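Visitor: To start, I am sharing the structure in question, which I have written as structure tokens.
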Amino acid sequence: MKLSHFFLSTTKEAPAEAEIVSHQLMMRAGMIKKLGAGIYTWMPLGVRVLRKVENIVREEMNAAGAVELLMPVIQPAELWQESGRWDKMGPEMMRIKDRHDRDFIVQPTSEEVITDIARQELRSWRQLPKNFYHIQTKFRDERRPRFGVMRSREFIMKDAYSFDVDKDGLMKSYNVMYDAYSKIFTRLGLEFRAVNADTGNIGGFASHEFQVLAESGEDVIAYAPDSDFAANLEMAEGVAPATPRAAASKALELVHTPGQKTCEDVGTFLKLPLEKQLKAMMYVSDSGFVLCMLRADHMVNEIKLGKVPALANYRPATPEEIEAHLGVEPGYCGPVPRHALKGNAAHPGQVIVVADRTAAAMADFVCGANESGYHVMGGNWGRDCAEPDVVADIRNVVDGDASPDGKGVLKLRRGIEVGHVFALGQAYSAKLGAKFLDKDQKEQVMEMGCYGIGITRVVAAAIEQNHDEKGIIWPQAMAPFAVVIAALGYDRSADVKAAADSLYASLSAAGVDVALDDRGERPGVMFAELELIGIPHRVTIGDRGLKEGMVEYQARRDTVATKVPLAEIGAFVTKALAS
RNA sequence: CGGGGCGUAGCGCAGCCCGGUAGCGCGCCUGGUUUGGGACCAGGAUGUCGUAGGUUCGAAUCCUAUCGCCCCGACCA
């Protein structure tokens with residue numbers, strides 16, 4: 001591609017609305033243009049990157065035995081009513097009407113349509129397993145689109161759907177997709193982790209998210225550098241401390257802490273670290289009033305809470321409920337009953353005490369005294385209050401926690417979810433009646449899996465992970481051009497033109513994805529633009545070097561250029577591309 | 001959908017408080033000089049000040065409504 005025939009439009013400044021670096025750089029590089037909130041035009045430069053990603057995804061999906069088709073963006077409401085999602089989906093799903101006033105949706109995903117195809121086309125066990133996929137535009141009317149194409153309303157997704165005769169088959173299909181995803185993100189040159197994810201409310205029984213590691217990511221993942229353990233924050237188990245609870249060594253003591261309502265306040269006031277304090281969280285669940293105790297520096301995890309039987313259908317307690325059950329305002333709550341201190345009555349109402357594993361292993365702790373303006377010091381489970389009714393993992397893991405697999409400690413990093421594999425089971429196939437006849441001529445419901453990759457998001461995630469102060473640094477596999485020839489003075493030097501044209505012709509003939517910058521721009525402008533748009537390999541040809549028969553090669557990450565004889569540059573570039 | 005903020009030239013912004021002929025930088029156009037790190041000189045074009053009402057002799061500026069966009073907030077590729 002000659003850049004004089006291409007279309008580049010870069011800017012020095014990013015629009016004020018672009019918050020994160022990938023959005024800023026994509027706007028500055030002229031890859032995308034905003035048309036509305038969460039709606040973007042992909043400009044020529046951006047489309048080249050998009051196609052590179054798509055092609056790699058397509059190749060690996062095909063290699064994994066999936067079959068490509070293309071389902072419509074606009075889908076009739078009936079199918080979605082049949083699956084129940086017409087009512088379930090809420091305003092995130094875009095609904096439209098045609099001229100006959102019939103209801104349609106703009107697809108946010110395609111389980112319904114593919115299951116409809118499966119129930120019509122797949123009638124026999126002999127046709128299974130099957131995996132269909134497409135790469136298609138999606139629309140999700142996000143509550144808050146942001147970060148450019150990272151979280152846009154319209155986006156491009158590769159979604160695949162597998163159909164199997166039984167759960168064993170499904171897990172085989174699932175693992176094939178898991179492996180294919182690993183290959184895809186490896187080929188794309190991204191640093192990523194496959195993390196165990198919550199299967200949530202859809203039902204399913206296995207789920208992994210593929211997270212590109214980047215500081216700006218919206219997800220937090222926990223992983224063990226010493227093993228292959230990696231999980232979403234809500235799935236990473238907070239294991240019990242390795243050492244058992246220490247014996248009580250201090251007497252229970254009531255301390256006056258007027259106005260010290262937060263753990264931070266109390267810690268400062270008593271000159272004690274947060275690790276010595278218990279904090280209380282009050283909830284009301286189907287079981288009644290629940291007092292949850294955590295070490296003060298830990299954060300409660302709401303998804304884990306919901307999995308504790310005593311907290312079924314929980315909600316935060318109101319100040320009135322707290323007063324009624326503990327006889328004290330929030331800020332001074334704890335598990336130690338008042339009678340242990342002052343001979344008062346025990347908790348007036350039934351209270352279930354749920355302690356986090358770490359909290360349950362603490363001794364000589366500080367906590368609220370259930371008396372306004374007072375805390376206790378030297379509190380001990382079993383001695384000053386009952387042992388917790390329930391000990392459970394209810395907190396977010398933190399950096400340095402022991403890994404649940406027993407191998408080393410956890411580290412936390414932020415990630416961008418670019419892919420998700422999900423063993424669905426029969427959730428859709430049962431509802432829509434996707435059945436087949438098995439070997440014994442019995443009708444069976446198919447086992448489904450679904451597998452998504454956010455193609456447009458991958459592009460943004462790659463930039464988040466690969467950039468510097470000058471601009472984007474594309475992994476070679478997804479660069480808009482693999483190599484660019486920067487011809488200095490192409491418009492006025494016959495020597496430069498001849499050398500550049502010749503190299504361009506030979507690289508093109510060799511199948512290299514090469515761009516020739518023949519625009520005759522001033523060198524400063526040219527270099528700045530080529531670095532901004534992130535071409536990974538650059539050959540600079542100028543009169544100065546040609547006099548000595550030399551040109552220069554510089555990889556995007558190199559700090560200095562390498563002089564290469566003109567006669568050898570073709571081979572040099574080919575070698576650089578291969579390494 | 002709650003809370004906060006912003007709409008002025010293609011982009012980044014000033015002007016608004018205190019009504020009185022709409023400005024700056026980048027970009028764009030013309031000519032010239034330049035040409036290995038976003039050039040310089042000279043000249044030039046570009047706005048119904050988001051939209052609709054209202055107040056006023058007069059509104060970018062004050063008032064009302066409305067639309068759009070951005071940021072913070074309970075899991076989405």
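How things are named: the first chain in the structure tokens is A, the next is B, and so on; residues count from 1 in each chain; ligands count from 1 in the order shown.
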Compile a residue-level contact table for chain B against chain A at a cut-off of 10 Å, reporting for every qualifying residue the shortest atom pair and its distance in Å to one decimal, with only C-alpha atoms (C1' of nucleotides) counted, rows ordered by chain and ascending number, as CSV.

Guide:
```
residue,atom,partner,partner_atom,distance
B:C1,C1',A:Arg143,CA,8.2
B:C11,C1',A:Pro15,CA,7.0
B:G12,C1',A:Glu13,CA,6.8
B:C26,C1',A:Lys12,CA,7.9
B:G27,C1',A:Thr11,CA,8.4
B:U34,C1',A:Arg522,CA,9.8
B:U35,C1',A:Arg522,CA,5.8
B:G36,C1',A:Pro523,CA,6.1
B:G37,C1',A:Gly524,CA,3.8
B:G38,C1',A:Val525,CA,4.6
B:A39,C1',A:Arg522,CA,8.5
B:G68,C1',A:Gly36,CA,8.9
B:C69,C1',A:Ala37,CA,7.3
B:C70,C1',A:Glu17,CA,5.9
B:C71,C1',A:Glu17,CA,9.0
B:A74,C1',A:Glu302,CA,9.8
B:C75,C1',A:Asp219,CA,8.8
B:C76,C1',A:Glu142,CA,8.6
B:A77,C1',A:Gly454,CA,3.7
```

Visitor: Enumerate as a list in words all residues of stretch 315-381 of chain A assigned to alpha helix (DSSP H) by DSSP on the backbone, naming them with the chain letters and numbers the document uses.

Guide: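 Those in stretch 315-381 of chain A that DSSP calls alpha helix (DSSP H) are Pro319, Glu320, Glu321, Ile322, Glu323, Ala324, His325, Leu326, His339, Ala340, Leu341, Lys342, Arg357, Thr358, Ala359 and Ala360 of chain A.
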
Visitor: Those selected residues, please, written with N, CA, C and O atoms and delivered as a short mmCIF file (atom, residue, chain, number, x, y, z; two decimals), in the first residue's frame.

Guide:
```
data_model
loop_
_atom_site.label_atom_id
_atom_site.label_comp_id
_atom_site.auth_asym_id
_atom_site.auth_seq_id
_atom_site.Cartn_x
_atom_site.Cartn_y
_atom_site.Cartn_z
N PRO A 319 -30.48 0.86 59.65
CA PRO A 319 -30.04 1.30 60.98
C PRO A 319 -31.04 0.89 62.07
O PRO A 319 -30.65 0.53 63.18
N GLU A 320 -32.35 0.91 61.72
CA GLU A 320 -33.38 0.53 62.70
C GLU A 320 -33.24 -0.94 63.08
O GLU A 320 -33.36 -1.33 64.24
N GLU A 321 -33.02 -1.78 62.06
CA GLU A 321 -32.86 -3.22 62.31
C GLU A 321 -31.62 -3.49 63.16
O GLU A 321 -31.60 -4.37 64.01
N ILE A 322 -30.58 -2.74 62.88
CA ILE A 322 -29.34 -2.92 63.65
C ILE A 322 -29.58 -2.54 65.11
O ILE A 322 -29.20 -3.27 66.03
N GLU A 323 -30.24 -1.44 65.29
CA GLU A 323 -30.57 -0.99 66.65
C GLU A 323 -31.41 -2.03 67.38
O GLU A 323 -31.17 -2.38 68.54
N ALA A 324 -32.39 -2.61 66.64
CA ALA A 324 -33.29 -3.57 67.26
C ALA A 324 -32.58 -4.86 67.66
O ALA A 324 -32.89 -5.47 68.68
N HIS A 325 -31.61 -5.28 66.87
CA HIS A 325 -30.96 -6.56 67.14
C HIS A 325 -29.71 -6.44 68.00
O HIS A 325 -29.36 -7.37 68.72
N LEU A 326 -29.00 -5.35 67.86
CA LEU A 326 -27.75 -5.22 68.61
C LEU A 326 -27.84 -4.16 69.69
O LEU A 326 -26.95 -4.05 70.53
N HIS A 339 -23.56 -8.28 77.95
CA HIS A 339 -23.56 -8.82 79.31
C HIS A 339 -22.16 -9.25 79.74
O HIS A 339 -21.82 -9.27 80.90
N ALA A 340 -21.32 -9.60 78.76
CA ALA A 340 -19.96 -10.00 79.10
C ALA A 340 -19.19 -8.81 79.67
O ALA A 340 -18.22 -8.98 80.38
N LEU A 341 -19.67 -7.63 79.36
CA LEU A 341 -18.96 -6.43 79.78
C LEU A 341 -19.61 -5.78 80.98
O LEU A 341 -18.95 -5.37 81.93
N LYS A 342 -20.93 -5.62 80.88
CA LYS A 342 -21.59 -4.79 81.87
C LYS A 342 -22.78 -5.47 82.53
O LYS A 342 -23.56 -4.85 83.21
N ARG A 357 -12.99 -16.47 57.30
CA ARG A 357 -12.00 -17.43 57.79
C ARG A 357 -10.85 -16.75 58.53
O ARG A 357 -10.37 -17.25 59.55
N THR A 358 -10.41 -15.63 58.00
CA THR A 358 -9.30 -14.92 58.66
C THR A 358 -9.76 -14.33 59.98
O THR A 358 -9.06 -14.41 61.00
N ALA A 359 -10.94 -13.75 59.97
CA ALA A 359 -11.47 -13.13 61.19
C ALA A 359 -11.65 -14.17 62.28
O ALA A 359 -11.39 -13.92 63.47
N ALA A 360 -12.08 -15.36 61.87
CA ALA A 360 -12.33 -16.42 62.85
C ALA A 360 -11.04 -16.90 63.50
O ALA A 360 -11.06 -17.50 64.59
#
```

Visitor: Give the answer as one residue: which of A:Val165, A:Ala296, A:Cys333, A:Ile74 has the shortest atom-to-atom distance to A:Leu437, using only C-alpha atoms?

Guide: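 Among the listed residues, the smallest separation from A:Leu437 belongs to A:Val165.
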
Visitor: Excluding stretch 43-57 of chain B and any residue of its chain fewer than 3 positions from it, enumerate the residues within 6 Å of it, using only C-alpha atoms (C1' of nucleotides), and give them as a list in words.

Guide: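 Selected residues are G7, U8, A9 and A60 of chain B.
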
Visitor: Taking N, CA, C and O atoms (P, O5', C5', C4', C3', O3' and C1' of nucleotides) for each residue, export the selection above as a PDB file, in the first residue's frame.

Guide:
```
ATOM      1  P     G B   7     -19.054  24.654  28.165  1.00  0.00           P
ATOM      2  O5'   G B   7     -19.112  23.859  26.807  1.00  0.00           O
ATOM      3  C5'   G B   7     -20.086  24.106  25.891  1.00  0.00           C
ATOM      4  C4'   G B   7     -20.060  23.057  24.806  1.00  0.00           C
ATOM      5  C3'   G B   7     -20.701  23.554  23.523  1.00  0.00           C
ATOM      6  O3'   G B   7     -20.271  22.797  22.421  1.00  0.00           O
ATOM      7  C1'   G B   7     -22.111  21.951  24.566  1.00  0.00           C
ATOM      8  P     U B   8     -19.067  23.312  21.577  1.00  0.00           P
ATOM      9  O5'   U B   8     -19.262  24.890  21.507  1.00  0.00           O
ATOM     10  C5'   U B   8     -20.192  25.449  20.589  1.00  0.00           C
ATOM     11  C4'   U B   8     -19.739  26.808  20.153  1.00  0.00           C
ATOM     12  C3'   U B   8     -18.371  26.863  19.484  1.00  0.00           C
ATOM     13  O3'   U B   8     -18.415  26.462  18.127  1.00  0.00           O
ATOM     14  C1'   U B   8     -18.474  28.546  21.116  1.00  0.00           C
ATOM     15  P     A B   9     -17.241  25.627  17.521  1.00  0.00           P
ATOM     16  O5'   A B   9     -16.846  26.403  16.175  1.00  0.00           O
ATOM     17  C5'   A B   9     -17.608  26.233  15.002  1.00  0.00           C
ATOM     18  C4'   A B   9     -16.684  26.034  13.820  1.00  0.00           C
ATOM     19  C3'   A B   9     -15.626  24.958  14.031  1.00  0.00           C
ATOM     20  O3'   A B   9     -15.365  24.296  12.801  1.00  0.00           O
ATOM     21  C1'   A B   9     -14.576  27.027  13.627  1.00  0.00           C
ATOM     22  P     A B  60     -26.010  36.408  20.886  1.00  0.00           P
ATOM     23  O5'   A B  60     -25.075  35.172  21.278  1.00  0.00           O
ATOM     24  C5'   A B  60     -25.633  33.874  21.451  1.00  0.00           C
ATOM     25  C4'   A B  60     -24.799  33.075  22.410  1.00  0.00           C
ATOM     26  C3'   A B  60     -24.978  33.471  23.879  1.00  0.00           C
ATOM     27  O3'   A B  60     -26.059  32.778  24.464  1.00  0.00           O
ATOM     28  C1'   A B  60     -22.678  33.326  23.338  1.00  0.00           C
TER      29        A B  60
END
```

Visitor: So that I can check the surroundings of A:Ala355, please list as a list of chain:residue names every protein, DNA and RNA residue that reaches within 10 Å of it, counting only C-alpha atoms (C1' of nucleotides) and ignoring chain neighbours fewer than 2 positions away.

Guide: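 Skipping anything fewer than 2 positions along the chain leaves A:Leu278, A:Ala280, A:Leu291, A:Cys292, A:Met293, A:Leu294, A:Arg295, A:Pro335, A:Ile352, A:Val353, A:Arg357, A:Thr358, A:Ala359, A:Ala360, A:Ala361, A:Glu387, A:Pro388, A:Asp389, A:Val390, A:Val391, A:Ala392, A:Asp393, A:Ile394.
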
Visitor: Any chance you could export the current selection's N, CA and C atoms as an mmCIF file, in the first residue's frame?

Guide:
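Okay, this is what ended up in selection04.cif:
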```
data_model
loop_
_atom_site.group_PDB
_atom_site.id
_atom_site.type_symbol
_atom_site.label_atom_id
_atom_site.label_comp_id
_atom_site.auth_asym_id
_atom_site.auth_seq_id
_atom_site.Cartn_x
_atom_site.Cartn_y
_atom_site.Cartn_z
ATOM 1 N N LEU A 278 -11.557 -6.171 64.196
ATOM 2 C CA LEU A 278 -12.644 -6.823 63.477
ATOM 3 C C LEU A 278 -13.606 -5.743 63.012
ATOM 4 N N ALA A 280 -17.541 -5.079 61.408
ATOM 5 C CA ALA A 280 -18.845 -5.748 61.371
ATOM 6 C C ALA A 280 -19.658 -5.240 60.196
ATOM 7 N N LEU A 291 -24.789 -10.983 61.409
ATOM 8 C CA LEU A 291 -23.646 -10.121 61.717
ATOM 9 C C LEU A 291 -22.417 -10.765 61.073
ATOM 10 N N CYS A 292 -21.834 -10.088 60.080
ATOM 11 C CA CYS A 292 -20.658 -10.635 59.415
ATOM 12 C C CYS A 292 -19.413 -9.958 59.950
ATOM 13 N N MET A 293 -18.442 -10.761 60.337
ATOM 14 C CA MET A 293 -17.216 -10.205 60.908
ATOM 15 C C MET A 293 -16.041 -10.468 59.962
ATOM 16 N N LEU A 294 -15.306 -9.406 59.676
ATOM 17 C CA LEU A 294 -14.120 -9.510 58.834
ATOM 18 C C LEU A 294 -12.964 -8.798 59.505
ATOM 19 N N ARG A 295 -11.745 -9.186 59.109
ATOM 20 C CA ARG A 295 -10.616 -8.393 59.575
ATOM 21 C C ARG A 295 -10.772 -7.013 58.954
ATOM 22 N N PRO A 335 -19.314 -8.869 67.913
ATOM 23 C CA PRO A 335 -19.877 -10.154 68.343
ATOM 24 C C PRO A 335 -19.902 -10.321 69.867
ATOM 25 N N ILE A 352 -27.297 -14.117 63.923
ATOM 26 C CA ILE A 352 -26.415 -15.165 63.397
ATOM 27 C C ILE A 352 -25.075 -14.513 63.112
ATOM 28 N N VAL A 353 -24.009 -15.068 63.678
ATOM 29 C CA VAL A 353 -22.690 -14.497 63.468
ATOM 30 C C VAL A 353 -21.943 -15.314 62.415
ATOM 31 N N ARG A 357 -12.988 -16.471 57.303
ATOM 32 C CA ARG A 357 -11.998 -17.429 57.788
ATOM 33 C C ARG A 357 -10.849 -16.753 58.534
ATOM 34 N N THR A 358 -10.405 -15.625 58.000
ATOM 35 C CA THR A 358 -9.303 -14.924 58.658
ATOM 36 C C THR A 358 -9.764 -14.326 59.982
ATOM 37 N N ALA A 359 -10.943 -13.748 59.966
ATOM 38 C CA ALA A 359 -11.467 -13.128 61.188
ATOM 39 C C ALA A 359 -11.647 -14.171 62.282
ATOM 40 N N ALA A 360 -12.077 -15.362 61.873
ATOM 41 C CA ALA A 360 -12.329 -16.423 62.854
ATOM 42 C C ALA A 360 -11.035 -16.903 63.502
ATOM 43 N N ALA A 361 -9.911 -16.634 62.847
ATOM 44 C CA ALA A 361 -8.624 -17.116 63.374
ATOM 45 C C ALA A 361 -7.899 -16.039 64.181
ATOM 46 N N GLU A 387 -18.343 -18.889 69.748
ATOM 47 C CA GLU A 387 -17.662 -19.120 68.474
ATOM 48 C C GLU A 387 -18.627 -18.693 67.368
ATOM 49 N N PRO A 388 -18.114 -18.262 66.232
ATOM 50 C CA PRO A 388 -19.017 -17.858 65.145
ATOM 51 C C PRO A 388 -19.957 -19.003 64.770
ATOM 52 N N ASP A 389 -21.197 -18.667 64.417
ATOM 53 C CA ASP A 389 -22.136 -19.700 63.980
ATOM 54 C C ASP A 389 -21.674 -20.315 62.665
ATOM 55 N N VAL A 390 -21.122 -19.463 61.818
ATOM 56 C CA VAL A 390 -20.668 -19.919 60.508
ATOM 57 C C VAL A 390 -19.299 -19.298 60.244
ATOM 58 N N VAL A 391 -18.363 -20.110 59.762
ATOM 59 C CA VAL A 391 -17.089 -19.585 59.286
ATOM 60 C C VAL A 391 -17.059 -19.827 57.788
ATOM 61 N N ALA A 392 -16.846 -18.766 57.031
ATOM 62 C CA ALA A 392 -16.925 -18.908 55.569
ATOM 63 C C ALA A 392 -15.968 -17.933 54.898
ATOM 64 N N ASP A 393 -15.751 -18.180 53.622
ATOM 65 C CA ASP A 393 -14.929 -17.278 52.821
ATOM 66 C C ASP A 393 -15.850 -16.203 52.259
ATOM 67 N N ILE A 394 -15.777 -15.007 52.823
ATOM 68 C CA ILE A 394 -16.707 -13.952 52.397
ATOM 69 C C ILE A 394 -15.990 -12.669 51.996
#
```

Visitor: Looking only at the backbone, which of the residues in stretch 10-240 of chain A does DSSP tag as strand (DSSP E), as a ChimeraX atom specification?

Guide: /A:32-36,39-42,67-68,74-76,94-97,103-106,130-139,154-164,192-196,206-213,219-223,230-232

Visitor: Figure out the distance between atom CA of A:Asn131 and atom CA of A:Ile105, please, to one decimal in Å.

Guide: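 Computing it gives 24.1 Å between the two atoms.
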
Visitor: Quick one: distance from atom C1' of B:U61 to atom C1' of B:C16 in Å, one decimal?

Guide: 4.3 Å

Visitor: Would you list the contacts of A:Cys450 as a list in words, taking every protein, DNA or RNA residue within 10 Å and counting only C-alpha atoms (C1' of nucleotides), but skipping same-chain residues closer than 4 positions in sequence?

Guide: Ser110, Glu111, Asn131, Phe132, Tyr133, Asp159, Ala160, Tyr161, Ser162, Phe163, Ser173, Tyr174, Met177, Ser207, His420, Val421, Phe422, Ala423, Leu424 and Gly425 of chain A

Visitor: Within 9 Å of A:Phe436, counting only C-alpha atoms (C1' of nucleotides), which residues qualify if same-chain residues fewer than 2 places away don't, as a list in words?

Guide: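 After dropping sequence-adjacent residues, the list is Arg119, Leu122, Arg123, Ser124, Trp125, Val165, Ala434, Asp438, Gln441, Lys442, Glu443, Gln444, Val445 and Met446 of chain A.
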